[in-house]
Amino acid sequence: AAQRAELSGDATAATINHSLTLLQRLQELLQSGNGSDAVLQVRAAPAADAKVFHVHQLLLGLQSDVFEGLLRNQSVLTLHEPPESAALFDKFIRYLYCGGVSILLHQAIPMHQLATKYGVRALQRGVADYMRSHLASESSQGHVVGWYQYAARVGDRALQESCLQFLAWNLSAVLASAEWASVSAELLLLLLERSDLVLHSELELYTAVEGWLGRQQPEAAVAERVLRAIRYPMIAPAQLFRLQAQSAALARHRAAVHDLLFQAFQFHAASPLHFAKYFDVNCSMFLPRNYLAPAWGAQWVINNPARDDRSTSFQTQLGPSSHDAGKRVTWNVLFSPRWLPVSLRPVYSDSVSGALQPARIEDGRPRLVITPATSSSDFAGVSFQKTVLVGVRQQGRLLLKHAYSFHQSSDEVPDFLAHADLQRRTSEYLIDNALHLHIIVKPVYHALIKAKK
């Protein structure tokens, strides 16, 4: 009869939910130890006093196959944990009873270690999700580098990639923090391989790398790999001369990078077309990263972005070569907050006397179009990759949330802010009701003539 009432949608049906009371009773059961049938003794060191927990095998076994196996033939169990994990064991046991736990940034790794060791997969996933969503949180010593290195150690590729992307997109902030000193050689080399690093200039990166080498004092082979990953052609000749004269790292490892420095000076001395006859320019060494310096783009703050269409223009240097230093390209940018795809634009309808069918505002999506103001023969051998950075405020810090990259063959950013709600003043994409963009144009040289052997 009860089932028939539910299926028929009987108005007298109701749900009685006392789950909160049950959780409270379970927490009280853990605190009192009433009816416990097992004892856990947790030691942070062999000579340290043990934390004692009177527990119930059924509840631990429901959450953890590991505990179920350990407690199958014994009722008193001694567990040895690192101090950081032992300090959180009461929170960990409370999760097993109540299904919830609150943690701080510095507690994420030891809590994840406990969840992993005892096979509590739901808690494992929950802590990893917490870490991915709190990369931007502010901490005194930084935490993203430590989380990356922990993720690499335990093989959590999703967390690894999230940390690596955050570090790449916010590298200038990382370089200026205490966290930079804790970067491992492996992580540094992974970052130096990337073309999506966001920072002011390649010189800023070199200066930070030289400081890292001075503190870490790695073996010569590692130092040489690091120095060879710097993109010297992206540094102006005057700055390269200064580095050769003043850099202790270059003085120590000059032989390892001599060929790269010589090639960089050649790159700046010749026209790109002439240089491409003799060298392969289709490699990372000649590709700019996402530089925030004025020569490569411009910041654009759009107040009240949901209001109407906007436009702006800016200039960039034609290319990183000193041969192109005096040549500028003007770019026009159009922003539309509610552009409608063709499929959603108003059409005439025979059924309503030829009237236009209205389109809803919410059917539109933001649009950003970037076009060069003029075409020029100076563009020969150069195409442009355009990158749009979207900054947001997270936990009080201005950070990069999205980066959209597209090639010269397309003028429009694909899927630009497709999921952003710019109509809502509290949108995570807005800072004080303004959209913060930084548009970067990266020139890419092409080998028009096959390099000579």
# chains A, B, ... in the order shown; residues from 1 in each chain; ligands from 1
$ closest_atom_pairs --of "segment 421-443 of chain A" --to "segment 290-303 of chain A" --cutoff "10 Å" --atoms "only C-alpha atoms" --output "tab-separated table"
residue	atom	partner	partner_atom	distance
A:Leu430	CA	A:Asn303	CA	9.2
A:Ile431	CA	A:Asn303	CA	9.2
A:Asp432	CA	A:Asn303	CA	8.5
A:Asn433	CA	A:Asn303	CA	6.4
A:Ala434	CA	A:Asn303	CA	4.3
A:Leu435	CA	A:Ile302	CA	5.0
A:His436	CA	A:Val301	CA	4.7
A:Leu437	CA	A:Trp300	CA	5.1
A:His438	CA	A:Gln299	CA	4.2
A:Ile439	CA	A:Gly297	CA	5.4
A:Ile440	CA	A:Gly297	CA	4.3
A:Val441	CA	A:Trp296	CA	5.7
A:Lys442	CA	A:Trp296	CA	6.7
A:Pro443	CA	A:Trp296	CA	8.9
$ residues_around --residues "segment 27-36 of chain A" --least-positions-apart "4" --cutoff "8 Å" --atoms "only C-alpha atoms" --output "MDAnalysis selection string"
chainID A and resid 23 53:57 94 97:98
$ closest_residue --among "A:Leu422, A:Glu428, A:Asp196, A:Arg215" --to "Lys386 of chain A" --atoms "only C-alpha atoms"
A:Asp196
$ residues_around --residues "Trp147 of chain A" --least-positions-apart "4" --cutoff "12 Å" --atoms "only C-alpha atoms" --output "VMD selection string"
chain A and resid 105 to 110 112 127 to 128 130 to 132 134 to 135 142 to 143 151 to 164 166 to 167 179 182 to 183 187
$ write_last_selection --atoms "N, CA and C atoms" --output "mmCIF file, in the first residue's frame"
data_model
loop_
_atom_site.group_PDB
_atom_site.id
_atom_site.type_symbol
_atom_site.label_atom_id
_atom_site.label_comp_id
_atom_site.auth_asym_id
_atom_site.auth_seq_id
_atom_site.Cartn_x
_atom_site.Cartn_y
_atom_site.Cartn_z
ATOM 1 N N LEU A 105 45.091 23.854 4.721
ATOM 2 C CA LEU A 105 46.037 23.614 3.629
ATOM 3 C C LEU A 105 47.168 22.676 4.046
ATOM 4 N N HIS A 106 47.764 22.916 5.214
ATOM 5 C CA HIS A 106 48.920 22.117 5.626
ATOM 6 C C HIS A 106 48.528 20.711 6.062
ATOM 7 N N GLN A 107 47.217 20.451 6.202
ATOM 8 C CA GLN A 107 46.763 19.127 6.609
ATOM 9 C C GLN A 107 46.377 18.247 5.429
ATOM 10 N N ALA A 108 46.380 18.806 4.217
ATOM 11 C CA ALA A 108 45.882 18.053 3.058
ATOM 12 C C ALA A 108 46.742 16.828 2.765
ATOM 13 N N ILE A 109 48.058 16.990 2.733
ATOM 14 C CA ILE A 109 48.921 15.853 2.388
ATOM 15 C C ILE A 109 48.846 14.747 3.440
ATOM 16 N N PRO A 110 49.015 15.041 4.752
ATOM 17 C CA PRO A 110 48.910 13.937 5.720
ATOM 18 C C PRO A 110 47.539 13.265 5.732
ATOM 19 N N HIS A 112 45.555 12.949 3.085
ATOM 20 C CA HIS A 112 45.531 12.120 1.879
ATOM 21 C C HIS A 112 46.375 10.856 2.086
ATOM 22 N N VAL A 127 39.961 14.706 -0.670
ATOM 23 C CA VAL A 127 41.131 15.535 -0.360
ATOM 24 C C VAL A 127 41.802 16.008 -1.649
ATOM 25 N N ALA A 128 41.894 15.131 -2.656
ATOM 26 C CA ALA A 128 42.485 15.533 -3.936
ATOM 27 C C ALA A 128 41.655 16.647 -4.580
ATOM 28 N N TYR A 130 39.828 18.816 -2.929
ATOM 29 C CA TYR A 130 40.107 19.994 -2.096
ATOM 30 C C TYR A 130 41.403 20.661 -2.547
ATOM 31 N N MET A 131 42.422 19.856 -2.806
ATOM 32 C CA MET A 131 43.710 20.420 -3.213
ATOM 33 C C MET A 131 43.606 21.119 -4.560
ATOM 34 N N ARG A 132 42.897 20.493 -5.511
ATOM 35 C CA ARG A 132 42.753 21.122 -6.837
ATOM 36 C C ARG A 132 41.987 22.432 -6.758
ATOM 37 N N HIS A 134 41.919 24.497 -4.168
ATOM 38 C CA HIS A 134 42.540 25.469 -3.267
ATOM 39 C C HIS A 134 43.981 25.792 -3.672
ATOM 40 N N LEU A 135 44.296 25.623 -4.950
ATOM 41 C CA LEU A 135 45.628 25.984 -5.421
ATOM 42 C C LEU A 135 45.892 27.474 -5.247
ATOM 43 N N GLY A 142 53.692 29.067 0.781
ATOM 44 C CA GLY A 142 53.260 28.471 -0.473
ATOM 45 C C GLY A 142 53.021 26.980 -0.286
ATOM 46 N N HIS A 143 52.200 26.409 -1.138
ATOM 47 C CA HIS A 143 51.865 24.997 -0.977
ATOM 48 C C HIS A 143 51.766 24.254 -2.305
ATOM 49 N N ALA A 151 51.993 14.802 -5.363
ATOM 50 C CA ALA A 151 51.195 14.146 -6.405
ATOM 51 C C ALA A 151 52.072 13.308 -7.323
ATOM 52 N N ALA A 152 53.279 13.806 -7.635
ATOM 53 C CA ALA A 152 54.204 13.044 -8.477
ATOM 54 C C ALA A 152 54.653 11.775 -7.756
ATOM 55 N N ARG A 153 54.834 11.889 -6.442
ATOM 56 C CA ARG A 153 55.301 10.738 -5.662
ATOM 57 C C ARG A 153 54.246 9.629 -5.587
ATOM 58 N N VAL A 154 52.966 10.023 -5.462
ATOM 59 C CA VAL A 154 51.908 9.011 -5.320
ATOM 60 C C VAL A 154 51.245 8.667 -6.652
ATOM 61 N N GLY A 155 51.642 9.367 -7.730
ATOM 62 C CA GLY A 155 51.113 9.038 -9.052
ATOM 63 C C GLY A 155 49.736 9.593 -9.344
ATOM 64 N N ASP A 156 49.344 10.710 -8.692
ATOM 65 C CA ASP A 156 48.050 11.347 -8.971
ATOM 66 C C ASP A 156 48.258 12.319 -10.136
ATOM 67 N N ARG A 157 48.040 11.834 -11.359
ATOM 68 C CA ARG A 157 48.341 12.638 -12.545
ATOM 69 C C ARG A 157 47.429 13.852 -12.669
ATOM 70 N N ALA A 158 46.151 13.707 -12.274
ATOM 71 C CA ALA A 158 45.220 14.841 -12.382
ATOM 72 C C ALA A 158 45.668 15.988 -11.478
ATOM 73 N N LEU A 159 46.054 15.678 -10.245
ATOM 74 C CA LEU A 159 46.534 16.715 -9.333
ATOM 75 C C LEU A 159 47.861 17.282 -9.813
ATOM 76 N N GLN A 160 48.737 16.424 -10.336
ATOM 77 C CA GLN A 160 50.003 16.892 -10.902
ATOM 78 C C GLN A 160 49.774 17.948 -11.978
ATOM 79 N N GLU A 161 48.894 17.632 -12.925
ATOM 80 C CA GLU A 161 48.656 18.539 -14.045
ATOM 81 C C GLU A 161 48.004 19.833 -13.571
ATOM 82 N N SER A 162 47.092 19.748 -12.599
ATOM 83 C CA SER A 162 46.456 20.961 -12.068
ATOM 84 C C SER A 162 47.496 21.873 -11.419
ATOM 85 N N CYS A 163 48.397 21.290 -10.628
ATOM 86 C CA CYS A 163 49.448 22.083 -9.983
ATOM 87 C C CYS A 163 50.386 22.686 -11.026
ATOM 88 N N LEU A 164 50.765 21.882 -12.018
ATOM 89 C CA LEU A 164 51.693 22.352 -13.049
ATOM 90 C C LEU A 164 51.080 23.500 -13.848
ATOM 91 N N PHE A 166 48.719 25.580 -12.811
ATOM 92 C CA PHE A 166 48.649 26.757 -11.942
ATOM 93 C C PHE A 166 50.004 27.451 -11.859
ATOM 94 N N LEU A 167 51.071 26.669 -11.690
ATOM 95 C CA LEU A 167 52.406 27.263 -11.596
ATOM 96 C C LEU A 167 52.792 27.955 -12.902
ATOM 97 N N GLU A 179 58.208 30.026 -2.123
ATOM 98 C CA GLU A 179 57.963 28.707 -2.696
ATOM 99 C C GLU A 179 58.971 28.355 -3.793
ATOM 100 N N SER A 182 61.823 25.941 -3.145
ATOM 101 C CA SER A 182 61.552 24.524 -2.925
ATOM 102 C C SER A 182 61.275 23.756 -4.219
ATOM 103 N N VAL A 183 61.364 24.435 -5.363
ATOM 104 C CA VAL A 183 61.131 23.766 -6.647
ATOM 105 C C VAL A 183 62.246 22.751 -6.903
ATOM 106 N N LEU A 187 60.867 19.464 -11.554
ATOM 107 C CA LEU A 187 59.756 20.390 -11.782
ATOM 108 C C LEU A 187 60.233 21.610 -12.564
#
$ select_by_dssp --residues "segment 186-416 of chain A" --states "helix (DSSP H, G or I)" --output "PyMOL selection string"
chain A and resi 186-192+202-216+220-228+232-234+237-246+248-252+254-269+272-275+284-286+294-296+322-324+342-344+350-352+361-363+377-379
$ closest_residue --among "A:Leu77, A:Cys283, A:Ile230, A:Ala185" --to "Tyr206 of chain A" --atoms "only C-alpha atoms"
A:Ile230
$ residues_around --residues "Arg43 of chain A" --least-positions-apart "3" --cutoff "12 Å" --atoms "only C-alpha atoms" --output "ChimeraX atom specification"
/A:40,46-53,77-89
$ select_by_dssp --residues "segment 57-213 of chain A" --states "strand (DSSP E or B)" --output "count of residues only"
7
$ residues_around --residues "Leu260 of chain A" --least-positions-apart "4" --cutoff "8 Å" --atoms "only C-alpha atoms" --output "list of chain:residue names"
A:Arg228, A:Tyr232, A:Ala264
$ write_last_selection --atoms "N, CA and C atoms" --output "mmCIF file, in the first residue's frame"
data_model
loop_
_atom_site.group_PDB
_atom_site.id
_atom_site.type_symbol
_atom_site.label_atom_id
_atom_site.label_comp_id
_atom_site.auth_asym_id
_atom_site.auth_seq_id
_atom_site.Cartn_x
_atom_site.Cartn_y
_atom_site.Cartn_z
ATOM 1 N N ARG A 228 70.316 25.556 -20.630
ATOM 2 C CA ARG A 228 70.031 25.367 -22.058
ATOM 3 C C ARG A 228 68.539 25.450 -22.356
ATOM 4 N N TYR A 232 67.215 32.134 -25.147
ATOM 5 C CA TYR A 232 68.083 33.313 -25.257
ATOM 6 C C TYR A 232 67.699 34.244 -26.405
ATOM 7 N N ALA A 264 71.800 33.181 -30.611
ATOM 8 C CA ALA A 264 70.896 34.278 -30.251
ATOM 9 C C ALA A 264 71.374 35.602 -30.847
#
$ atom_distance --atom1 "atom CA of Ser137 of chain A" --atom2 "atom CA of Leu398 of chain A"
10.9 Å
$ residues_around --residues "Leu243 of chain A" --least-positions-apart "6" --cutoff "10 Å" --atoms "only C-alpha atoms" --output "ChimeraX atom specification"
/A:203,206-207,237,249-251
$ write_last_selection --atoms "all heavy atoms" --output "CSV table (one decimal), in the first residue's frame"
chain,number,residue,atom,x,y,z
A,203,LEU,N,64.0,37.5,-19.5
A,203,LEU,CA,65.0,37.9,-18.6
A,203,LEU,C,64.6,37.7,-17.2
A,203,LEU,O,65.4,37.3,-16.3
A,203,LEU,CB,65.4,39.4,-18.9
A,203,LEU,CG,66.5,40.0,-18.0
A,203,LEU,CD1,67.8,39.2,-18.3
A,203,LEU,CD2,66.6,41.5,-18.3
A,206,TYR,N,65.2,34.1,-16.5
A,206,TYR,CA,66.7,33.8,-16.3
A,206,TYR,C,67.1,34.2,-15.0
A,206,TYR,O,67.9,33.5,-14.3
A,206,TYR,CB,67.5,34.5,-17.4
A,206,TYR,CG,69.0,34.2,-17.2
A,206,TYR,CD1,69.5,33.1,-17.7
A,206,TYR,CD2,69.8,35.1,-16.4
A,206,TYR,CE1,70.9,32.8,-17.5
A,206,TYR,CE2,71.1,34.8,-16.2
A,206,TYR,CZ,71.6,33.6,-16.7
A,206,TYR,OH,73.0,33.3,-16.5
A,207,THR,N,66.7,35.4,-14.5
A,207,THR,CA,67.2,35.9,-13.2
A,207,THR,C,66.7,35.0,-12.1
A,207,THR,O,67.5,34.7,-11.2
A,207,THR,CB,66.6,37.3,-13.0
A,207,THR,OG1,67.1,38.2,-14.0
A,207,THR,CG2,67.1,37.9,-11.6
A,237,PRO,N,69.8,41.9,-27.2
A,237,PRO,CA,71.2,41.8,-27.3
A,237,PRO,C,71.9,42.6,-26.1
A,237,PRO,O,72.9,42.1,-25.5
A,237,PRO,CB,71.6,42.4,-28.6
A,237,PRO,CG,70.4,42.2,-29.5
A,237,PRO,CD,69.2,42.3,-28.6
A,249,ALA,N,76.4,32.3,-13.2
A,249,ALA,CA,76.0,31.0,-13.7
A,249,ALA,C,76.5,30.9,-15.1
A,249,ALA,O,77.0,29.8,-15.5
A,249,ALA,CB,74.5,30.9,-13.7
A,250,LEU,N,76.4,31.9,-15.9
A,250,LEU,CA,77.0,31.8,-17.3
A,250,LEU,C,78.5,31.7,-17.3
A,250,LEU,O,79.1,31.0,-18.1
A,250,LEU,CB,76.6,33.1,-18.1
A,250,LEU,CG,75.2,33.1,-18.7
A,250,LEU,CD1,74.9,34.3,-19.6
A,250,LEU,CD2,74.9,31.8,-19.5
A,251,ALA,N,79.1,32.4,-16.4
A,251,ALA,CA,80.6,32.3,-16.3
A,251,ALA,C,81.0,30.9,-15.9
A,251,ALA,O,82.0,30.4,-16.4
A,251,ALA,CB,81.1,33.3,-15.2
$ atom_distance --atom1 "atom CA of Asn170 of chain A" --atom2 "atom CA of Leu399 of chain A"
6.6 Å
$ closest_residue --among "A:Ala306, A:Ala403, A:Ala38, A:Leu240" --to "Arg424 of chain A" --atoms "only C-alpha atoms"
A:Ala306
$ decode --residues "segment 284-296 of chain A" --atoms "all heavy atoms" --output "PDB file, in the first residue's frame"
ATOM      1  N   SER A 284      61.159  25.469 -30.199  1.00  0.00           N
ATOM      2  CA  SER A 284      60.741  26.252 -29.039  1.00  0.00           C
ATOM      3  C   SER A 284      61.671  27.416 -28.738  1.00  0.00           C
ATOM      4  O   SER A 284      61.239  28.443 -28.200  1.00  0.00           O
ATOM      5  CB  SER A 284      60.636  25.344 -27.807  1.00  0.00           C
ATOM      6  OG  SER A 284      61.891  24.758 -27.520  1.00  0.00           O
ATOM      7  N   MET A 285      62.950  27.298 -29.095  1.00  0.00           N
ATOM      8  CA  MET A 285      63.919  28.350 -28.784  1.00  0.00           C
ATOM      9  C   MET A 285      63.509  29.695 -29.386  1.00  0.00           C
ATOM     10  O   MET A 285      63.803  30.759 -28.834  1.00  0.00           O
ATOM     11  CB  MET A 285      65.300  27.942 -29.305  1.00  0.00           C
ATOM     12  CG  MET A 285      66.441  28.838 -28.872  1.00  0.00           C
ATOM     13  SD  MET A 285      66.689  28.937 -27.083  1.00  0.00           S
ATOM     14  CE  MET A 285      67.108  27.242 -26.686  1.00  0.00           C
ATOM     15  N   PHE A 286      62.798  29.679 -30.523  1.00  0.00           N
ATOM     16  CA  PHE A 286      62.411  30.920 -31.205  1.00  0.00           C
ATOM     17  C   PHE A 286      60.926  31.250 -31.030  1.00  0.00           C
ATOM     18  O   PHE A 286      60.397  32.097 -31.737  1.00  0.00           O
ATOM     19  CB  PHE A 286      62.772  30.815 -32.693  1.00  0.00           C
ATOM     20  CG  PHE A 286      64.234  30.572 -32.928  1.00  0.00           C
ATOM     21  CD1 PHE A 286      64.694  29.305 -33.229  1.00  0.00           C
ATOM     22  CD2 PHE A 286      65.150  31.603 -32.804  1.00  0.00           C
ATOM     23  CE1 PHE A 286      66.050  29.061 -33.432  1.00  0.00           C
ATOM     24  CE2 PHE A 286      66.505  31.374 -33.003  1.00  0.00           C
ATOM     25  CZ  PHE A 286      66.956  30.100 -33.307  1.00  0.00           C
ATOM     26  N   LEU A 287      60.277  30.566 -30.100  1.00  0.00           N
ATOM     27  CA  LEU A 287      58.866  30.825 -29.836  1.00  0.00           C
ATOM     28  C   LEU A 287      58.720  31.582 -28.524  1.00  0.00           C
ATOM     29  O   LEU A 287      59.158  31.100 -27.470  1.00  0.00           O
ATOM     30  CB  LEU A 287      58.086  29.510 -29.752  1.00  0.00           C
ATOM     31  CG  LEU A 287      56.581  29.633 -29.465  1.00  0.00           C
ATOM     32  CD1 LEU A 287      55.877  30.337 -30.620  1.00  0.00           C
ATOM     33  CD2 LEU A 287      55.972  28.256 -29.225  1.00  0.00           C
ATOM     34  N   PRO A 288      58.135  32.784 -28.531  1.00  0.00           N
ATOM     35  CA  PRO A 288      57.949  33.513 -27.266  1.00  0.00           C
ATOM     36  C   PRO A 288      57.013  32.758 -26.321  1.00  0.00           C
ATOM     37  O   PRO A 288      56.134  32.012 -26.756  1.00  0.00           O
ATOM     38  CB  PRO A 288      57.322  34.836 -27.724  1.00  0.00           C
ATOM     39  CG  PRO A 288      57.613  34.937 -29.182  1.00  0.00           C
ATOM     40  CD  PRO A 288      57.654  33.535 -29.701  1.00  0.00           C
ATOM     41  N   ARG A 289      57.218  32.949 -25.048  1.00  0.00           N
ATOM     42  CA  ARG A 289      56.260  32.469 -24.056  1.00  0.00           C
ATOM     43  C   ARG A 289      55.170  33.534 -23.914  1.00  0.00           C
ATOM     44  O   ARG A 289      55.107  34.463 -24.727  1.00  0.00           O
ATOM     45  CB  ARG A 289      56.966  32.211 -22.721  1.00  0.00           C
ATOM     46  CG  ARG A 289      58.205  31.298 -22.832  1.00  0.00           C
ATOM     47  CD  ARG A 289      58.764  31.003 -21.457  1.00  0.00           C
ATOM     48  NE  ARG A 289      60.156  30.580 -21.481  1.00  0.00           N
ATOM     49  CZ  ARG A 289      60.581  29.325 -21.493  1.00  0.00           C
ATOM     50  NH1 ARG A 289      59.691  28.341 -21.509  1.00  0.00           N
ATOM     51  NH2 ARG A 289      61.874  29.031 -21.488  1.00  0.00           N
ATOM     52  N   ASN A 290      54.319  33.424 -22.918  1.00  0.00           N
ATOM     53  CA  ASN A 290      53.270  34.436 -22.716  1.00  0.00           C
ATOM     54  C   ASN A 290      53.842  35.592 -21.902  1.00  0.00           C
ATOM     55  O   ASN A 290      53.681  35.668 -20.678  1.00  0.00           O
ATOM     56  CB  ASN A 290      52.065  33.814 -21.996  1.00  0.00           C
ATOM     57  CG  ASN A 290      51.290  32.879 -22.897  1.00  0.00           C
ATOM     58  OD1 ASN A 290      51.229  33.072 -24.107  1.00  0.00           O
ATOM     59  ND2 ASN A 290      50.698  31.854 -22.323  1.00  0.00           N
ATOM     60  N   TYR A 291      54.532  36.499 -22.600  1.00  0.00           N
ATOM     61  CA  TYR A 291      55.188  37.620 -21.933  1.00  0.00           C
ATOM     62  C   TYR A 291      54.188  38.759 -21.715  1.00  0.00           C
ATOM     63  O   TYR A 291      53.447  39.140 -22.618  1.00  0.00           O
ATOM     64  CB  TYR A 291      56.362  38.125 -22.776  1.00  0.00           C
ATOM     65  CG  TYR A 291      57.426  37.082 -23.039  1.00  0.00           C
ATOM     66  CD1 TYR A 291      57.896  36.853 -24.335  1.00  0.00           C
ATOM     67  CD2 TYR A 291      57.958  36.323 -22.004  1.00  0.00           C
ATOM     68  CE1 TYR A 291      58.879  35.904 -24.589  1.00  0.00           C
ATOM     69  CE2 TYR A 291      58.933  35.372 -22.243  1.00  0.00           C
ATOM     70  CZ  TYR A 291      59.392  35.157 -23.542  1.00  0.00           C
ATOM     71  OH  TYR A 291      60.351  34.208 -23.784  1.00  0.00           O
ATOM     72  N   LEU A 292      54.224  39.323 -20.495  1.00  0.00           N
ATOM     73  CA  LEU A 292      53.319  40.417 -20.144  1.00  0.00           C
ATOM     74  C   LEU A 292      53.916  41.788 -20.450  1.00  0.00           C
ATOM     75  O   LEU A 292      53.239  42.803 -20.255  1.00  0.00           O
ATOM     76  CB  LEU A 292      52.967  40.330 -18.651  1.00  0.00           C
ATOM     77  CG  LEU A 292      52.288  39.025 -18.206  1.00  0.00           C
ATOM     78  CD1 LEU A 292      52.091  39.028 -16.686  1.00  0.00           C
ATOM     79  CD2 LEU A 292      50.959  38.831 -18.926  1.00  0.00           C
ATOM     80  N   ALA A 293      55.140  41.833 -20.931  1.00  0.00           N
ATOM     81  CA  ALA A 293      55.776  43.118 -21.271  1.00  0.00           C
ATOM     82  C   ALA A 293      54.982  43.821 -22.373  1.00  0.00           C
ATOM     83  O   ALA A 293      54.368  43.172 -23.225  1.00  0.00           O
ATOM     84  CB  ALA A 293      57.215  42.881 -21.730  1.00  0.00           C
ATOM     85  N   PRO A 294      54.964  45.163 -22.374  1.00  0.00           N
ATOM     86  CA  PRO A 294      54.140  45.917 -23.338  1.00  0.00           C
ATOM     87  C   PRO A 294      54.423  45.599 -24.800  1.00  0.00           C
ATOM     88  O   PRO A 294      53.547  45.767 -25.646  1.00  0.00           O
ATOM     89  CB  PRO A 294      54.470  47.377 -23.014  1.00  0.00           C
ATOM     90  CG  PRO A 294      54.928  47.357 -21.591  1.00  0.00           C
ATOM     91  CD  PRO A 294      55.629  46.057 -21.397  1.00  0.00           C
ATOM     92  N   ALA A 295      55.633  45.144 -25.134  1.00  0.00           N
ATOM     93  CA  ALA A 295      55.953  44.868 -26.535  1.00  0.00           C
ATOM     94  C   ALA A 295      55.124  43.721 -27.103  1.00  0.00           C
ATOM     95  O   ALA A 295      54.987  43.592 -28.327  1.00  0.00           O
ATOM     96  CB  ALA A 295      57.441  44.541 -26.674  1.00  0.00           C
ATOM     97  N   TRP A 296      54.530  42.904 -26.234  1.00  0.00           N
ATOM     98  CA  TRP A 296      53.841  41.697 -26.714  1.00  0.00           C
ATOM     99  C   TRP A 296      52.339  41.724 -26.494  1.00  0.00           C
ATOM    100  O   TRP A 296      51.656  40.751 -26.825  1.00  0.00           O
ATOM    101  CB  TRP A 296      54.432  40.452 -26.040  1.00  0.00           C
ATOM    102  CG  TRP A 296      55.913  40.397 -26.179  1.00  0.00           C
ATOM    103  CD1 TRP A 296      56.838  40.409 -25.182  1.00  0.00           C
ATOM    104  CD2 TRP A 296      56.646  40.382 -27.405  1.00  0.00           C
ATOM    105  NE1 TRP A 296      58.104  40.394 -25.705  1.00  0.00           N
ATOM    106  CE2 TRP A 296      58.018  40.371 -27.075  1.00  0.00           C
ATOM    107  CE3 TRP A 296      56.275  40.367 -28.752  1.00  0.00           C
ATOM    108  CZ2 TRP A 296      59.020  40.352 -28.034  1.00  0.00           C
ATOM    109  CZ3 TRP A 296      57.282  40.348 -29.709  1.00  0.00           C
ATOM    110  CH2 TRP A 296      58.630  40.346 -29.343  1.00  0.00           C
TER     111      TRP A 296
END
